[in-house]
>>> print(open('entry_12.cif').read())   # mmCIF, C-alpha atoms
data_query
loop_
_atom_site.label_atom_id
_atom_site.label_comp_id
_atom_site.auth_asym_id
_atom_site.auth_seq_id
_atom_site.Cartn_x
_atom_site.Cartn_y
_atom_site.Cartn_z
CA MET A 6 -10.58 -16.12 51.60
CA SER A 7 -7.13 -16.85 53.01
CA GLY A 8 -4.54 -14.11 53.28
CA ALA A 9 -2.24 -15.76 50.72
CA LEU A 10 -5.05 -16.01 48.14
CA ALA A 11 -6.13 -12.42 48.75
CA GLY A 12 -2.50 -11.34 48.23
CA HIS A 13 -2.32 -13.16 44.89
CA LEU A 14 -5.58 -11.58 43.72
CA SER A 15 -4.37 -8.10 44.56
CA ILE A 16 -1.12 -8.75 42.68
CA PHE A 17 -3.18 -10.00 39.71
CA ALA A 18 -5.31 -6.84 39.80
CA PHE A 19 -2.13 -4.72 39.98
CA VAL A 20 -0.63 -6.55 36.98
CA GLN A 21 -3.83 -6.02 34.99
CA GLU A 22 -3.79 -2.30 35.84
CA VAL A 23 -0.15 -2.01 34.76
CA GLU A 24 -0.84 -3.82 31.47
CA ILE A 25 -3.82 -1.57 30.73
CA TYR A 26 -1.76 1.49 31.64
CA GLU A 27 1.04 0.37 29.28
CA ILE A 28 -1.44 -0.23 26.46
CA LEU A 29 -3.06 3.18 26.97
CA TRP A 30 0.36 4.84 27.16
CA TYR A 31 1.40 3.15 23.91
CA ILE A 32 -1.81 4.25 22.14
CA TYR A 33 -1.45 7.80 23.48
CA ASN A 34 2.16 8.09 22.26
CA LYS A 35 1.28 6.53 18.90
CA MET A 36 -1.60 8.98 18.38
CA LYS A 37 0.39 11.96 19.68
CA ASN A 38 2.99 11.47 16.94
CA GLN A 39 0.44 10.91 14.15
CA PRO A 40 0.06 13.73 11.65
CA LYS A 41 -3.22 15.58 11.90
CA GLY A 42 -5.53 17.24 9.43
CA SER A 43 -7.56 16.35 6.39
CA GLN A 44 -4.57 15.38 4.23
CA ALA A 45 -3.34 12.92 6.88
CA ALA A 46 -6.84 11.53 7.29
CA ARG A 47 -7.14 10.98 3.52
CA LEU A 48 -3.75 9.24 3.39
CA ARG A 49 -4.62 6.99 6.34
CA GLN A 50 -8.02 6.21 4.79
CA ARG A 51 -6.40 5.29 1.45
CA LYS A 52 -3.87 3.12 3.23
CA PHE A 53 -6.46 1.22 5.28
CA ASP A 54 -8.80 0.82 2.30
CA ILE A 55 -5.97 -0.89 0.44
CA LEU A 56 -4.98 -3.02 3.43
CA ARG A 57 -8.57 -4.21 3.95
CA ARG A 58 -8.85 -5.14 0.29
CA PHE A 59 -5.79 -7.36 0.24
CA ALA A 60 -5.02 -10.40 2.27
CA ILE A 61 -1.96 -12.07 0.81
CA PRO A 62 -3.36 -14.74 -1.52
CA PRO A 63 -1.20 -17.86 -1.53
CA ASP A 64 -1.10 -18.32 -5.32
CA LEU A 65 0.15 -14.94 -6.59
CA LEU A 66 2.99 -14.99 -9.08
CA PRO A 67 5.70 -12.40 -9.68
CA GLY A 68 7.17 -11.37 -12.99
CA SER A 69 5.74 -11.44 -16.47
CA LEU A 70 4.37 -13.97 -18.89
CA SER A 71 5.58 -13.62 -22.46
CA LEU A 72 5.09 -15.30 -25.80
CA SER A 73 7.96 -16.00 -28.14
CA HIS A 74 8.35 -18.21 -31.20
CA GLN A 75 11.06 -20.80 -31.63
CA HIS A 76 12.19 -23.06 -34.42
CA CYS A 77 12.48 -26.69 -33.35
CA GLY A 78 15.30 -27.65 -35.70
CA LYS A 79 13.50 -30.51 -37.47
CA PRO A 80 14.25 -30.15 -41.19
CA ASN A 81 10.70 -30.87 -42.43
CA CYS A 82 8.73 -29.02 -39.70
CA HIS A 83 6.31 -26.26 -40.70
CA CYS A 84 8.06 -23.86 -38.31
CA ARG A 85 11.05 -23.58 -40.69
CA LYS A 86 8.94 -21.50 -43.09
CA GLY A 87 6.86 -19.55 -40.56
CA ALA A 88 7.25 -17.69 -37.30
CA GLY A 89 8.03 -20.84 -35.34
CA HIS A 90 6.35 -22.69 -32.50
CA ALA A 91 4.64 -20.60 -29.83
CA ALA A 92 6.53 -20.78 -26.54
CA TRP A 93 5.24 -19.16 -23.34
CA SER A 94 7.62 -18.30 -20.53
CA LEU A 95 7.36 -16.82 -17.05
CA THR A 96 10.22 -14.46 -16.17
CA PHE A 97 10.87 -13.36 -12.57
CA MET A 98 13.68 -12.56 -10.14
CA VAL A 99 14.82 -14.70 -7.20
CA ASP A 100 17.63 -13.45 -4.96
CA GLY A 101 18.62 -10.91 -7.60
CA LYS A 102 18.86 -13.53 -10.35
CA LYS A 103 16.60 -13.70 -13.35
CA GLN A 104 14.59 -16.91 -13.72
CA VAL A 105 12.89 -17.90 -16.99
CA HIS A 106 10.63 -20.96 -17.07
CA HIS A 107 8.63 -22.52 -19.90
CA ILE A 108 4.87 -22.52 -19.30
CA PRO A 109 2.69 -25.14 -21.03
CA LYS A 110 0.04 -23.64 -23.31
CA ALA A 111 -2.73 -25.22 -21.20
CA TRP A 112 -1.54 -23.25 -18.15
CA VAL A 113 -1.22 -19.82 -19.81
CA GLN A 114 -4.64 -18.43 -18.87
CA ASP A 115 -4.31 -19.43 -15.20
CA VAL A 116 -0.70 -18.24 -14.93
CA GLN A 117 -1.61 -14.89 -16.54
CA LYS A 118 -4.39 -14.34 -13.97
CA ARG A 119 -1.97 -15.12 -11.13
CA VAL A 120 0.72 -12.80 -12.56
CA ASP A 121 -1.86 -9.99 -12.96
CA ALA A 122 -3.04 -10.51 -9.37
CA GLY A 123 0.59 -10.48 -8.18
CA ARG A 124 1.23 -7.20 -9.98
CA GLU A 125 -1.95 -5.67 -8.53
CA PHE A 126 -0.85 -6.75 -5.04
CA GLN A 127 2.63 -5.29 -5.54
CA ASP A 128 1.09 -2.00 -6.72
CA ALA A 129 -1.12 -1.91 -3.63
CA VAL A 130 1.88 -2.53 -1.34
CA ARG A 131 3.75 0.31 -3.07
CA ASP A 132 0.73 2.58 -2.51
CA VAL A 133 0.67 1.72 1.20
CA LEU A 134 4.41 2.35 1.51
CA ALA A 135 4.04 5.69 -0.29
CA ALA A 136 1.18 6.68 2.04
CA ASN A 137 3.34 5.73 5.06
CA ALA A 138 6.20 7.89 3.73
CA GLN A 139 3.85 10.83 3.09
CA LEU A 140 2.39 10.49 6.59
CA LEU A 141 5.92 10.50 8.05
CA VAL A 142 6.82 13.69 6.15
CA LEU A 143 3.55 15.31 7.21
CA ALA A 144 4.18 14.38 10.86
CA LYS A 145 7.68 15.85 10.63
CA LYS A 146 6.34 19.13 9.19
CA GLN A 147 3.62 19.38 11.83
CA ARG A 148 6.09 18.68 14.64
CA ARG A 149 8.12 21.79 13.76
CA ARG A 150 5.16 24.05 14.49
#
>>> encode(input="entry_12.cif", output="C-alpha cells")
Amino acid sequence: MSGALAGHLSIFAFVQEVEIYEILWYIYNKMKNQPKGSQAARLRQRKFDILRRFAIPPDLLPGSLSLSHQHCGKPNCHCRKGAGHAAWSLTFMVDGKKQVHHIPKAWVQDVQKRVDAGREFQDAVRDVLAANAQLLVLAKKQRRR
C-alpha cells in the first residue's frame, strides 16, 4: 500500500472514531438528562406505545361532520311543511378561519370515518405532548436532588 493511501485510510478511521464518539456522547447526554424511576418509565412507555400505533395516515380529516335541515325555497316542495332537506357539512379551521363545506349524502359514512380517525390521531398527539411535558417536569424535579 502506498504512503498516500495509508494516510487516507488512517484519516478515514479517525473520522469514523470521531463520529462514533460524537454519537455516544450525544446518547450519554440525552440519557443523563432523562428522568428516572418507575413513573418516568411508565410515561415513556405510554408515549412510545402511542407513537408506534400511529403513522400519520394521509386521509385523516379535521373538524366535525354535522347534519342540519334546510328549506329549498320552492313553493310546492315537501320541505315547506316538514323539517327540511337533510344537509351534511364538514366544519374545520384553516389558518384560524372557520371553513364549512357541504358533503354529499353518499360521502357521509366515509367522511365520518376519516373525521373520527383524525380526532383519534389528534388525541394521541395530545397524549404524547402531555407525556413529554410530564417527563420534563419530572426531570426538573430530579435534577434538584
>>> residues_around(input="entry_12.cif", residues="Ala136 in chain A", least_positions_apart="3", cutoff="7 Å", atoms="all atoms listed in the file", output="number ranges by chain")
A: 48, 52, 132-133, 139-140
>>> resolve_selection(input="entry_12.cif", expression="the PyMOL selection byres ((chain A and resi 93) around 8)", output="number ranges by chain")
A: 70-73, 91-92, 94-95, 107-110, 113
>>> atom_distance(input="entry_12.cif", atom1="CA of Gly68 in chain A", atom2="CA of Gln114 in chain A")
15.0 Å
>>> atom_distance(input="entry_12.cif", atom1="CA of Lys102 in chain A", atom2="CA of Val116 in chain A")
20.6 Å
>>> axis_aligned_box(input="entry_12.cif", around="range 100-103 of chain A", padding_each_side="3 Å", output="lines of an AutoDock Vina configuration file")
center_x = 17.7
center_y = -12.3
center_z = -9.2
size_x = 8.3
size_y = 8.8
size_z = 14.4
>>> resolve_selection(input="entry_12.cif", expression="the PyMOL selection byres ((chain A and resi 75) around 9)", output="list in words")
Ser73, His74, His76, Cys77, Cys84, Ala88, Gly89, His90, Ala91 and Ala92 of chain A
>>> residues_around(input="entry_12.cif", residues="Lys145 in chain A", least_positions_apart="4", cutoff="8 Å", atoms="all atoms listed in the file", output="PDB file with C-alpha atoms, in the frame of the given file")
ATOM      1  CA  PRO A  40       0.060  13.730  11.650  1.00  0.00           C
ATOM      2  CA  LEU A 141       5.920  10.500   8.050  1.00  0.00           C
ATOM      3  CA  ARG A 149       8.120  21.790  13.760  1.00  0.00           C
TER       4      ARG A 149
END
>>> resolve_selection(input="entry_12.cif", expression="the PyMOL selection byres ((chain A and resi 61) around 12)", output="PDB file with C-alpha atoms, in the coordinates of the input")
ATOM      1  CA  ILE A  55      -5.970  -0.890   0.440  1.00  0.00           C
ATOM      2  CA  LEU A  56      -4.980  -3.020   3.430  1.00  0.00           C
ATOM      3  CA  ARG A  57      -8.570  -4.210   3.950  1.00  0.00           C
ATOM      4  CA  ARG A  58      -8.850  -5.140   0.290  1.00  0.00           C
ATOM      5  CA  PHE A  59      -5.790  -7.360   0.240  1.00  0.00           C
ATOM      6  CA  ALA A  60      -5.020 -10.400   2.270  1.00  0.00           C
ATOM      7  CA  PRO A  62      -3.360 -14.740  -1.520  1.00  0.00           C
ATOM      8  CA  PRO A  63      -1.200 -17.860  -1.530  1.00  0.00           C
ATOM      9  CA  ASP A  64      -1.100 -18.320  -5.320  1.00  0.00           C
ATOM     10  CA  LEU A  65       0.150 -14.940  -6.590  1.00  0.00           C
ATOM     11  CA  LEU A  66       2.990 -14.990  -9.080  1.00  0.00           C
ATOM     12  CA  ALA A 122      -3.040 -10.510  -9.370  1.00  0.00           C
ATOM     13  CA  GLY A 123       0.590 -10.480  -8.180  1.00  0.00           C
ATOM     14  CA  GLU A 125      -1.950  -5.670  -8.530  1.00  0.00           C
ATOM     15  CA  PHE A 126      -0.850  -6.750  -5.040  1.00  0.00           C
ATOM     16  CA  GLN A 127       2.630  -5.290  -5.540  1.00  0.00           C
ATOM     17  CA  ALA A 129      -1.120  -1.910  -3.630  1.00  0.00           C
ATOM     18  CA  VAL A 130       1.880  -2.530  -1.340  1.00  0.00           C
TER      19      VAL A 130
END
>>> atom_distance(input="entry_12.cif", atom1="CA of Arg49 in chain A", atom2="CA of Ala135 in chain A")
11.0 Å
>>> closest_residue(input="entry_12.cif", among="A:Ser69, A:Gln50, A:Ser43, A:Gln104", to="Val120 in chain A", atoms="only C-alpha atoms")
A:Ser69
